[in-house]
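Notes to accompany the following structure.
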Amino acid sequence: MQHVNKALVPKLLAFITVCVACGILAAGLFVPATAVAGTVAGRSISFFDKLPAELELNPPARNSKVLANDGSVIATFYSQNRVPVTLDKMSPFMRDAIVSIEDARFYEHGGIDPTGILRALAVTVQGGRQGASTITQQYVNNIIIESLVSNGNADEVTTGASKTIGDKLREMKLAIALEKKYSKDQILAGYLNIVYFGNGAYGIQAAAQEYFGVPAIKLTLPEAAALAAVVNSPVYYDPLTHPDHVVARRNVVLDKMLEQGLISAAQHDQSVASALDLDVHQSAQGCTAAASAPYFCDYIKRLILNSPAFGPDEDARQKLLDQGGLTIRTTLDPGLQQVAQKEVDAALPATDPLQRGSALVSVQPGTGKVLAMAQNTNYNPAAAPGNYTGNFALPEKDANGNPLDGAGGFQIGSTMKPFVFAEWLRSGRSMATVLDGSVRVYKAGFPWKNSCGTTTGSYDPALGQTPLPNDDPYHYYPMSVLKGLYHSINTITFQSATRLDFCNIQKMATAAGVKNGHTNQPYDMSSIASLIGTQDVAPLDMANAYATFAAGGVHCDPVALESVTDAQGRQYPVPSAHCAQAISPEVAAGVAYALKPVLVKGSGYNIPVNKDHDIFAKTGTTDGNTQTWTVGATTGIATASWFGSYKGFGPQWANQDITINGKYYAGLDGANIAGTQWGHLMDAAAAKYQGASMPAPPASMLR
């Protein structure tokens with residue numbers, strides 16, 4: 001009796017095991033069940049038929065796109081970089097290349113390839129290793145993995161040697177079922193859309209763009225053969241790190257295509273002799289890759305993550321954004337955004353040692369559409385000068401208390417005065433009324449009226465306090481309320497407030513959309529200092545409040561989403577602007593009328609803007625010149641411009657006796673940097689967002 005070589009035992013056992021599996025498959029494939037009842041083959045069929053024949057999976061993860069209002073792409077979100085395309089949108093070379101190298105009998109078998117299995121068995125018994133999976137089986141394997149990963153069950157994924165005979169049998173059964181349900185072209189297209197090509201590229205469209213900078217339909221023969229080579233092992237055949245490996249296997253693919261009559265000898269020889277010739281466009285996703293509007297992108301992302309319309313919780317909404325193939329159309333005007341970004345970058349580079357912030361945000365009166373949103377910092381979470389992910393334009397939270405990644409606003413200075421003026425007009429008073437601008441002392445206990453709370457504060461030298469100051473020493477005299485507004489005279493604003501109810505001033509500001517940028521509560525009028533803008537308000541809310549005046553008193557909530565559609569064409573609800581008459585048209589017309597002289601002879605006379613337009617504005621500057629503003633509008637567009645400190649308060653952040661971007665300022669004013677970038681943006685927007693002429697206020701307001 002001969003002794004058995006012990007080294008052969010494991011190989012023989014593997015051979016026997018695989019043969020049993022193939023016997024089951026053979027019985028299931030080639031023997032009708034009704035003819036073999038009661039036989040071993042019948043029992044094999046029974047076992048095989050109990051395996052699941054349906055794939056329970058979600059569609060493959062797809063990229064979501066954020067689009068500007070002209071359809072251009074602002075940003076892309078994905079967990080896997082995949083853009084599915086139909087087979088007719090893929091190069092014919094790609095179709096032939098992948099079939100030739102991965103499954104030459106793809107168009108002949110019914111899901112599994114018995115010839116390939118037998119060849120693999122023979123190689124295995126001889127101590128080698130060779131795959132036998134068809135393209136259909138590989139497709140099944142990929143979509144099983146995709147389903148597990150997309151459902152958060154990545155730990156259940158089995159690959160390669162970790163697969164059991166049961167795993168293999170299930171894949172084979174599913175492959176057979178898939179072939180019965182779909183055509184070969186559908187399966188091939190599905191496979192090429194799901195398979196991984198390395199470096200984050202899933203599917204042929206993403207791979208073609210990433211490695212060769214072309215859509216899949218434009219792939220040449222050597223390019224298609226190279227990508228077919230990568231599929232076997234995206235790490236070993238990585239075009240970026242191992243181009244020589246790719247070229248070697250690419251040439252094997254070309255040899256196979258020649259052997260199978262898919263290309264001519266001339267095509268083969270020319271392609272084999274060609275260089276790999278990569279044109280790499282590595283994909284980047286998310287708002288950090290949104291070069292033109294990263295902060296607006298983050299705003300859009302937060303709108304999606306905060307809305308129950310996109311899932312029951314933030315995790316579900318993030319998954320939809322990363323995998324759902326959403327097309328997110330927004331209100332952003334890319335041309336205007338480009339101008340806004342250029343202006344804020346010119347105001348002060350992000351990495352300048354002074355570390356000041358600059359921002360512009362524009363909305364459309366009467367619609368609430370956000371047209372531009374730019375700031376001078378780098379959208380980057382890494383700790384470095386100039387890096388900042390907070391959005392200068394936004395409040396901290398939305399109306400429901402969800403985070404908006406906003407900075408929470410800044411003290412608004414004298415840009416608050418138009419709301420005091422608006423209440424003056426609403427209460428039936430004339431803007432021609434003359435008040436005493438020389439009054440600077442308000443003693444403690446002054447009877448300020450506030451019917452919905454308490455307002456306190458004083459400017460009382462008897463208590464060691466400084467008298468109420470104006471911005472200059474030349475306007476402490478009687479003047480009209482109109483002149484007091486366009487020259488931004490604090491003493492006139494305070495004199496008008498002595499005759500008004502602070503509760504009604506607050507209601508007027510609230511009606512226009514002004515609110516605390518940190519709490520979303522109404523602008524706090526509990527201190528008399530609030531009359532000159534000591535509360536933090538987000539630039540977006542300031543732009544929108546002035547848009548309310550420009551729209552004849554119609555207030556609209558800011559809106560940035562036009563529509564959201566998923567890969568299956570499902571429409572998701574997006575927020576409405578809820579436009580409504582919030583301020584009387586007469587009061588709105590009176591405020592607009594009074595703010596026009598600001599740009600001609602008032603506090604913003606030196607702002608570089610075309611004053612032939614029907615346009616109004618108000619400047620604002622806080623204590624220490626720390627925060628500076630210009631906010632204004634035409635009937636076509638409203639813009640808030642801010643320049644100041646976003647890193648804190650105190651003497652080190654005061655903008656006095658300071659050189660900014662090469663220019664010296666004894667004290668920075670709202671009309672300076674903020675005014676300049678505001679004027680440039682408004683001029684750039686004039687042709688497209690010209691709007692209509694503003695109506696005149698009633699004569700009674702002027703008498």
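Here's how to read the names in the structure tokens: chain A, B, ... by the order shown, residue numbers from 1 in each chain, ligand numbers from 1 in the order shown.
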Skipping near chain neighbours, those fewer than 4 positions away, what residues fall within 9 Å of His487 (chain A) using only C-alpha atoms, listed as JSON, numbers by chain?
{"A": [475, 482, 483, 597, 598, 601, 602, 603, 604]}
Given the selection you just returned, output its residues as a file containing C-alpha atoms, formatted as a tab-separated table (two decimals), in the first residue's frame.
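Heads up, here's the output in result39.tsv:
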chain	number	residue	atom	x	y	z
A	475	HIS	CA	-23.27	118.41	14.19
A	482	LEU	CA	-34.04	113.45	7.88
A	483	LYS	CA	-30.68	115.21	8.03
A	597	PRO	CA	-28.72	111.24	0.45
A	598	VAL	CA	-26.33	109.09	2.51
A	601	LYS	CA	-23.91	114.20	0.98
A	602	GLY	CA	-24.19	112.04	4.06
A	603	SER	CA	-22.00	109.55	5.90
A	604	GLY	CA	-21.37	107.50	2.74
Find the residues of region 462-575 of chain A that sit at most 10 Å from region 372-378 of chain A; for each, write down the nearest two atoms and how far apart they are in Å, to one decimal. Count only C-alpha atoms. Sort by chain, then by number going up, and give it as a Markdown table.
| residue | atom | partner | partner_atom | distance |
| --- | --- | --- | --- | --- |
| A:Pro539 | CA | A:Met373 | CA | 9.7 |
| A:Leu540 | CA | A:Met373 | CA | 8.5 |
| A:Ala560 | CA | A:Ala372 | CA | 9.9 |
Select from region 330-420 of chain A everything DSSP, run on the backbone, classes as strand (DSSP E), then give the selection as number ranges by chain.
A: 330, 357-363, 370-375, 410-411
Best match for closeness to Thr626 (chain A) among A:Ile412, A:Ala266, A:Leu500, A:Met94, counting only C-alpha atoms:
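Once distances to Thr626 (chain A) are computed over only C-alpha atoms, the minimum belongs to A:Ile412.
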Which residues, written as a VMD selection string, have at least one atom at most 12 Å from Thr134 (chain A), with only C-alpha atoms counted and residues fewer than 6 positions away on the same chain left out?
chain A and resid 98 to 117 140 to 141 171 to 172 175 to 176 179 184 187 to 188 191
At a cut-off of 12 Å, can you tabulate as a tab-separated table every residue of region 441-494 of chain A near region 668-688 of chain A together with its closest atom pair and the distance in Å to one decimal, using only C-alpha atoms and ordering rows by chain then number?
residue	atom	partner	partner_atom	distance
A:Asp471	CA	A:Asp669	CA	9.8
A:Asp472	CA	A:Asp669	CA	11.9
A:Ser488	CA	A:Gly670	CA	11.3
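With CA of Gly335 (chain A) on one side and CA of Gly636 (chain A) on the other, the separation reads 15.7 Å.
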Separation of CA of Ala633 (chain A) from CA of Met694 (chain A), in Å and rounded to one decimal
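Between CA of Ala633 (chain A) and CA of Met694 (chain A) the gap is 10.7 Å.
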Interatomic distance between CA of Asp185 (chain A) and CA of Ser91 (chain A)?
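Value for the CA of Asp185 (chain A)-CA of Ser91 (chain A) distance: 13.4 Å.
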For Gly190 (chain A), find every residue with an atom within 12 Å (counting only C-alpha atoms), except residues of its own chain fewer than 6 positions away, and show them as a list of chain:residue names.
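So, after excluding close chain neighbours, the residues are A:Pro59, A:Pro60, A:Arg82, A:Val83, A:Pro84, A:Val85, A:Thr86, A:Leu87, A:Met90, A:Arg95, A:Ile135, A:Thr136, A:Gln137, A:Gln138, A:Tyr139, A:Val140, A:Asn142, A:Ile143, A:Leu178, A:Tyr182, A:Ser183, A:Lys184, A:Tyr202, A:Gly203, A:Ile204.
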Take the residues just selected and output them with N, CA and C atoms as a compact mmCIF listing (two decimals), in the first residue's frame.
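Final output, saved to out14.txt:
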# COMPACT_ATOMS: atom_id res chain seq x y z
N PRO A 59 -29.99 51.24 -4.15
CA PRO A 59 -29.22 51.57 -5.36
C PRO A 59 -27.81 51.99 -4.98
N PRO A 60 -26.85 51.80 -5.87
CA PRO A 60 -25.47 52.21 -5.57
C PRO A 60 -25.41 53.68 -5.19
N ARG A 82 -19.06 58.47 -7.58
CA ARG A 82 -19.69 57.67 -8.64
C ARG A 82 -20.71 58.51 -9.40
N VAL A 83 -20.62 58.48 -10.72
CA VAL A 83 -21.59 59.15 -11.58
C VAL A 83 -22.07 58.12 -12.60
N PRO A 84 -23.17 57.40 -12.34
CA PRO A 84 -23.64 56.36 -13.25
C PRO A 84 -23.98 56.92 -14.64
N VAL A 85 -23.61 56.17 -15.66
CA VAL A 85 -23.96 56.51 -17.04
C VAL A 85 -24.44 55.25 -17.74
N THR A 86 -25.24 55.43 -18.78
CA THR A 86 -25.73 54.29 -19.55
C THR A 86 -24.63 53.75 -20.45
N LEU A 87 -24.83 52.54 -20.96
CA LEU A 87 -23.80 51.88 -21.77
C LEU A 87 -23.45 52.69 -23.01
N MET A 90 -20.60 55.09 -22.68
CA MET A 90 -19.28 54.52 -22.42
C MET A 90 -18.61 54.19 -23.75
N ARG A 95 -16.09 48.65 -23.16
CA ARG A 95 -16.94 47.45 -23.12
C ARG A 95 -16.15 46.22 -23.55
N ILE A 135 -18.35 38.24 -14.92
CA ILE A 135 -18.70 39.65 -14.68
C ILE A 135 -20.00 39.72 -13.91
N THR A 136 -20.94 38.84 -14.21
CA THR A 136 -22.22 38.84 -13.49
C THR A 136 -22.00 38.54 -12.02
N GLN A 137 -21.16 37.56 -11.71
CA GLN A 137 -20.86 37.25 -10.31
C GLN A 137 -20.14 38.41 -9.62
N GLN A 138 -19.21 39.02 -10.34
CA GLN A 138 -18.52 40.18 -9.76
C GLN A 138 -19.50 41.32 -9.49
N TYR A 139 -20.46 41.49 -10.41
CA TYR A 139 -21.47 42.53 -10.22
C TYR A 139 -22.30 42.23 -8.98
N VAL A 140 -22.70 40.96 -8.82
CA VAL A 140 -23.45 40.55 -7.64
C VAL A 140 -22.63 40.82 -6.38
N ASN A 142 -20.23 42.95 -5.90
CA ASN A 142 -20.10 44.39 -5.67
C ASN A 142 -21.36 44.99 -5.09
N ILE A 143 -22.53 44.56 -5.59
CA ILE A 143 -23.74 45.18 -5.07
C ILE A 143 -24.11 44.63 -3.69
N LEU A 178 -29.99 37.00 -11.75
CA LEU A 178 -29.78 38.30 -12.38
C LEU A 178 -29.82 38.18 -13.90
N TYR A 182 -32.25 40.48 -16.28
CA TYR A 182 -31.70 41.61 -17.02
C TYR A 182 -30.94 41.14 -18.25
N SER A 183 -30.83 42.04 -19.23
CA SER A 183 -30.06 41.73 -20.42
C SER A 183 -28.57 41.81 -20.11
N LYS A 184 -27.77 41.25 -21.01
CA LYS A 184 -26.32 41.30 -20.83
C LYS A 184 -25.82 42.74 -20.80
N TYR A 202 -15.31 55.35 -8.20
CA TYR A 202 -16.21 54.22 -8.35
C TYR A 202 -16.97 54.39 -9.66
N GLY A 203 -16.91 53.36 -10.51
CA GLY A 203 -17.60 53.43 -11.78
C GLY A 203 -16.73 54.07 -12.85
N ILE A 204 -17.06 53.75 -14.10
CA ILE A 204 -16.21 54.13 -15.22
C ILE A 204 -16.20 55.63 -15.48
Of the candidates A:Ser693, A:Gln282, A:Thr220, A:Ser233, which one gets nearest to Gly200 (chain A) if we count only C-alpha atoms?
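Nearest candidate to Gly200 (chain A) out of A:Ser693, A:Gln282, A:Thr220, A:Ser233: A:Gln282.
Between Thr389 (chain A) and the residues A:Leu326, A:Asp315, A:Tyr646, A:Gly401, the shortest atom-to-atom distance, using only C-alpha atoms, involves A:Tyr646.
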For region 262-264 of chain A: contacts at 12 Å, only C-alpha atoms, fewer than 2 positions along chain excluded, given as a ChimeraX atom specification:
/A:92-101,104,221-222,225,253-260,266-271
Please provide the set of residues having any atom within 8 Å of region 575-592 of chain A, restricted to only C-alpha atoms, with same-chain residues fewer than 3 positions apart removed, written as a ChimeraX atom specification.
/A:366-368,418,421-422,425-426,508,511-512,548-559,561,595-596,616,694-698,701
Please provide as number ranges by chain all residues within 12 Å of Tyr459 (chain A), with the sequence filter that same-chain residues fewer than 5 positions apart are discarded (counting only C-alpha atoms).
A: 439-446, 464-469, 491, 494, 527-529
Next, the residues of the selection above should be written as a tab-separated table (two decimals), in the first residue's frame with C-alpha atoms.
chain	number	residue	atom	x	y	z
A	439	VAL	CA	-28.66	117.43	23.70
A	440	ARG	CA	-25.99	115.02	24.93
A	441	VAL	CA	-26.88	114.37	28.57
A	442	TYR	CA	-29.49	111.78	29.58
A	443	LYS	CA	-29.58	111.39	33.33
A	444	ALA	CA	-30.16	108.11	35.09
A	445	GLY	CA	-33.87	107.46	35.48
A	446	PHE	CA	-34.84	109.25	32.25
A	464	GLY	CA	-18.71	109.95	35.67
A	465	GLN	CA	-20.14	109.05	32.26
A	466	THR	CA	-19.15	110.67	28.97
A	467	PRO	CA	-21.89	112.73	27.28
A	468	LEU	CA	-23.47	111.13	24.20
A	469	PRO	CA	-20.97	111.62	21.34
A	491	THR	CA	-27.91	112.94	19.17
A	494	PHE	CA	-31.70	109.75	20.70
A	527	SER	CA	-30.60	99.55	26.84
A	528	ILE	CA	-30.60	102.97	25.21
A	529	ALA	CA	-27.27	102.04	23.60
